[in-house]
Amino acid sequence: MMNRPALPPEIARRRTFAIISHPDAGKTTLTEKFLLFGGAIQMAGQVRAKGEARRTRSDFMKLEQDRGISVSASAMSFEYREFRYNLVDTPGHSDFSEDTYRTLTAVDAAIMVIDGAKGVESQTRKLFEVCRLRDLPILTFCNKMDRESRDTFEIIDEIQENLAIDVAPASWPIGMGRDFLGCYDMLHDRLELMDRADRNKVAESIKISGLDDPKLAEHVPADLLEKLKEEVEMARELLPTFDRQSFLEGHLTPIWFGSAINSFGVKELMDGIGEFGPEPEVFKSAERDVAPEEKKVAGFVFKVQANMDPKHRDRVAFVRLVSGHFTRGQKLLHVRSKKQMAVSNPVLFLAADRELAEEAWGGDIIGIPNHGQLRIGDALTEGEALRFTGIPSFAPELLQSVRATDPMKGKHLEKALMQFAEEGAAKVFKPAIGSGFIVGVVGALQFDVLASRIELEYGIPVRFEASQFTSARWVLGDKAAVEKLVNANKQHISYDHDGDVVFLTRLQWDIDRVERDYEGVTLSATKEMM
Ligand code: G4P
């Protein structure tokens, strides 16, 4: 991966990343400051509605109804210095982990935000593990240094031990809590001083020649300066130094200390992504590896957001462009249907506004409005039949049966459910015997969101009820063997929205039995979406 040719400048300047964190660590605040410095928003506070809305269930539902906000925040693009940043939002709630997983398949790096007082929390760890599956490079931002936080060495140790990754300090905090002054930039020998008076201002940066520079004493009180020198010396002796290769391979994470709310440390973090990358990566398809510098456009859908405008039933498919230079109006092959598609109104998301994308390059995220043709995992190319891999669908952990409270609406319910299944909002299984549907999700909150959306967007009141099943497995294997299993186990069989066979049960024992008794058949908890 490292000895690749230099990329065309337009592609090389792109940085496509996501932010992962435990709720409340400061993801929304950091996003807001990115956009502020990127010139995408005029005033901090505009993204805020989102962070707050997420906190309670009812607010969350309201947010879901207000599709405009959540969609424009799904992918945001902004320019800063010579770079184009594409920030893809990961849903904050742990119930939406599958969506998060797929989002992480579309980015080249992740920023891990941790709270300086709390360190590595449960959701941070889970999301980190997902990043590790792809060896995503990770930049760490230790937030809220303006509050009482843990000892710097302790924080670094905790990350190293908890997440088994090397941590190299990119900056070192000077004081903490009320005494927090700013940071010493370990990579550039600079002093960054926080401005407490103006929360939206970039920190003052003072170039110094090293820790012995007398200029330091003009800005840092003697006791803090002595502590800083001692700690930095110790850090240089004991902690890993930043190594770009190791970072790009996902073995080492640089850590910046800061305070998002005070806009402190944010610029350094943005500079870090710019300076160290990664540039748009090579993506794997079933056929071959696809490199960003390839002349022809290729990309894949990693997220579908439906019914942004309930009156129009439109959807936006979010596409990660993997390669090439796309221009508006270009015809692309929709590989699954083998049909050409003129992409005439692609959108770019600049903070709160949608804008038509006149052009986009490998690395970018564009939204393509459509009427349901585009599904998660679909590839778009200039003609080659590529199928991008590694975009899995997970077996749901909770199953419930659903029916319309008005039996006359059964047919409409099926349509609504299929649309949600295609959007990736839930798994929908149609049992081989009997009527009705079984809906599978990862977190219980999703049932509430679904019920509310089905009623709001389709006008169908529904009821979710306990199902006799607790597990779902996709049935893989050669046709004859699968058929044999289906015929002998009809009461366990259902079909997902693609028509693929799914085995439903409440006993692990059943799963073991099938795998033992039916040669050539496996029951899988994941399915590749392509
Ligand atoms: P999240 O998206 O990760 O859930 O976190 P969010 O940015 O919403 O931040 C969570 C809380 O932490 C917010 O406070 C926010 O103001 C605060 N916060 C973020 N960065 C910093 C920081 O650098 N220092 C300090 N001291 N606090 C920070 P809140 O009280 O929940 O909301 P609000 O009333 O302040 O908006």
# chains A, B, ... in the order shown; residues from 1 in each chain; ligands from 1

$ residues_near_ligand --ligand "ligand 1" --cutoff "7 Å" --atoms "only C-alpha atoms and all ligand atoms" --output "NGL selection string"
:A and (21-30 or 48 or 51-52 or 143-147 or 258-262)

$ write_last_selection --atoms "C-alpha atoms" --output "compact mmCIF listing (two decimals), in the first residue's frame"
# COMPACT_ATOMS: atom_id res chain seq x y z
CA SER A 21 -16.67 8.44 20.24
CA HIS A 22 -18.74 7.56 23.24
CA PRO A 23 -21.83 9.79 23.61
CA ASP A 24 -21.01 13.12 25.27
CA ALA A 25 -17.28 13.03 24.58
CA GLY A 26 -17.67 15.99 22.24
CA LYS A 27 -18.20 14.66 18.72
CA THR A 28 -20.87 17.22 17.84
CA THR A 29 -18.84 20.09 19.24
CA LEU A 30 -15.76 19.00 17.34
CA ARG A 48 -25.77 21.59 18.04
CA GLY A 51 -26.18 16.49 19.50
CA GLU A 52 -28.96 17.48 21.81
CA ASN A 143 -11.15 16.51 24.68
CA LYS A 144 -12.29 18.66 27.60
CA MET A 145 -8.82 19.50 28.87
CA ASP A 146 -10.30 22.72 30.24
CA ARG A 147 -11.87 20.52 32.92
CA GLY A 258 -7.57 20.07 23.43
CA SER A 259 -10.90 21.56 24.22
CA ALA A 260 -13.38 21.45 21.38
CA ILE A 261 -15.74 23.90 23.00
CA ASN A 262 -12.93 26.44 23.21

$ select_by_dssp --residues "stretch 114-344 of chain A" --states "helix (DSSP H, G or I)" --output "PyMOL selection string"
chain A and resi 122-133+152-163+177-179+215-219+222-238+244-248+260-262+266-276

$ residues_around --residues "A:Ala451" --least-positions-apart "6" --cutoff "12 Å" --atoms "only C-alpha atoms" --output "PyMOL selection string"
chain A and resi 61+400-405+413+416-417+420+425-426+439+444-445+457-465

$ atom_distance --atom1 "atom CA of A:Ala298" --atom2 "atom CA of A:Leu321"
6.0 Å

$ residues_around --residues "A:Asp500" --least-positions-apart "6" --cutoff "10 Å" --atoms "only C-alpha atoms" --output "ChimeraX atom specification"
/A:429,474-476,494,527

$ write_last_selection --atoms "N, CA and C atoms" --output "mmCIF file, in the first residue's frame"
data_model
loop_
_atom_site.group_PDB
_atom_site.id
_atom_site.type_symbol
_atom_site.label_atom_id
_atom_site.label_comp_id
_atom_site.auth_asym_id
_atom_site.auth_seq_id
_atom_site.Cartn_x
_atom_site.Cartn_y
_atom_site.Cartn_z
ATOM 1 N N PHE A 429 -38.217 -10.259 7.095
ATOM 2 C CA PHE A 429 -38.294 -11.649 6.646
ATOM 3 C C PHE A 429 -39.745 -12.043 6.427
ATOM 4 N N TRP A 474 -28.609 -16.569 7.519
ATOM 5 C CA TRP A 474 -28.732 -16.768 6.081
ATOM 6 C C TRP A 474 -28.263 -18.186 5.729
ATOM 7 N N VAL A 475 -29.009 -18.817 4.843
ATOM 8 C CA VAL A 475 -28.685 -20.194 4.450
ATOM 9 C C VAL A 475 -27.819 -20.137 3.193
ATOM 10 N N LEU A 476 -26.582 -20.562 3.318
ATOM 11 C CA LEU A 476 -25.674 -20.551 2.176
ATOM 12 C C LEU A 476 -25.341 -21.985 1.790
ATOM 13 N N SER A 494 -37.723 -18.518 5.971
ATOM 14 C CA SER A 494 -38.288 -17.244 5.530
ATOM 15 C C SER A 494 -37.384 -16.687 4.438
ATOM 16 N N LYS A 527 -24.124 -11.377 5.735
ATOM 17 C CA LYS A 527 -24.325 -11.547 4.294
ATOM 18 C C LYS A 527 -23.667 -10.353 3.630
#

$ select_by_dssp --residues "stretch 54-291 of chain A" --states "strand (DSSP E)" --output "PyMOL selection string"
chain A and resi 75-80+83-88+109-115+138-143+166-169+171-174+182-185+190-193+204-207+252-257+283-284+289-290

$ atom_distance --atom1 "atom CA of A:Thr140" --atom2 "atom CA of A:His251"
12.7 Å

$ atom_distance --atom1 "atom CA of A:Val449" --atom2 "atom CA of A:Arg315"
17.7 Å

$ closest_residue --among "A:Ala222, A:Val514, A:Leu239, A:Ile255" --to "A:Cys142" --atoms "only C-alpha atoms"
A:Ile255

$ closest_atom_pairs --of "stretch 127-172 of chain A" --to "stretch 99-118 of chain A" --cutoff "9 Å" --atoms "only C-alpha atoms" --output "tab-separated table"
residue	atom	partner	partner_atom	distance
A:Leu127	CA	A:Tyr101	CA	8.1
A:Phe128	CA	A:Met112	CA	7.8
A:Val130	CA	A:Tyr101	CA	6.7
A:Cys131	CA	A:Leu104	CA	7.0
A:Arg134	CA	A:Thr105	CA	7.9
A:Leu136	CA	A:Ala109	CA	5.4
A:Pro137	CA	A:Ala109	CA	5.0
A:Ile138	CA	A:Ala110	CA	5.0
A:Leu139	CA	A:Ile111	CA	4.7
A:Thr140	CA	A:Met112	CA	4.7
A:Phe141	CA	A:Val113	CA	4.8
A:Cys142	CA	A:Ile114	CA	5.0
A:Asn143	CA	A:Asp115	CA	5.0
A:Lys144	CA	A:Gly116	CA	5.8
A:Met145	CA	A:Gly116	CA	6.1
A:Arg147	CA	A:Ala117	CA	7.8
A:Glu148	CA	A:Ala117	CA	6.6
A:Ser149	CA	A:Ala117	CA	4.1
A:Arg150	CA	A:Ala117	CA	5.3
A:Asp151	CA	A:Gly116	CA	8.7
A:Thr152	CA	A:Gly116	CA	8.5
A:Ile155	CA	A:Gly116	CA	7.3

$ write_last_selection --atoms "C-alpha atoms" --output "short mmCIF file (atom, residue, chain, number, x, y, z; two decimals), in the first residue's frame"
data_model
loop_
_atom_site.label_atom_id
_atom_site.label_comp_id
_atom_site.auth_asym_id
_atom_site.auth_seq_id
_atom_site.Cartn_x
_atom_site.Cartn_y
_atom_site.Cartn_z
CA LEU A 127 -16.22 1.45 17.41
CA PHE A 128 -12.47 1.19 17.66
CA VAL A 130 -14.71 -1.98 13.98
CA CYS A 131 -12.00 0.37 12.69
CA ARG A 134 -10.17 -2.61 8.40
CA LEU A 136 -8.19 2.17 9.53
CA PRO A 137 -5.68 4.83 10.55
CA ILE A 138 -6.88 6.55 13.72
CA LEU A 139 -6.17 10.03 15.03
CA THR A 140 -7.03 10.60 18.67
CA PHE A 141 -8.39 13.80 20.17
CA CYS A 142 -8.44 13.97 23.96
CA ASN A 143 -11.15 16.51 24.68
CA LYS A 144 -12.29 18.66 27.60
CA MET A 145 -8.82 19.50 28.87
CA ARG A 147 -11.87 20.52 32.92
CA GLU A 148 -10.24 18.41 35.57
CA SER A 149 -8.92 15.46 33.62
CA ARG A 150 -6.68 12.52 34.22
CA ASP A 151 -2.93 12.60 34.21
CA THR A 152 -1.61 12.69 30.66
CA ILE A 155 -4.66 8.58 29.60
#

$ closest_residue --among "A:Phe326, A:Leu348, A:Asp496, A:Val266" --to "A:Val88" --atoms "only C-alpha atoms"
A:Leu348
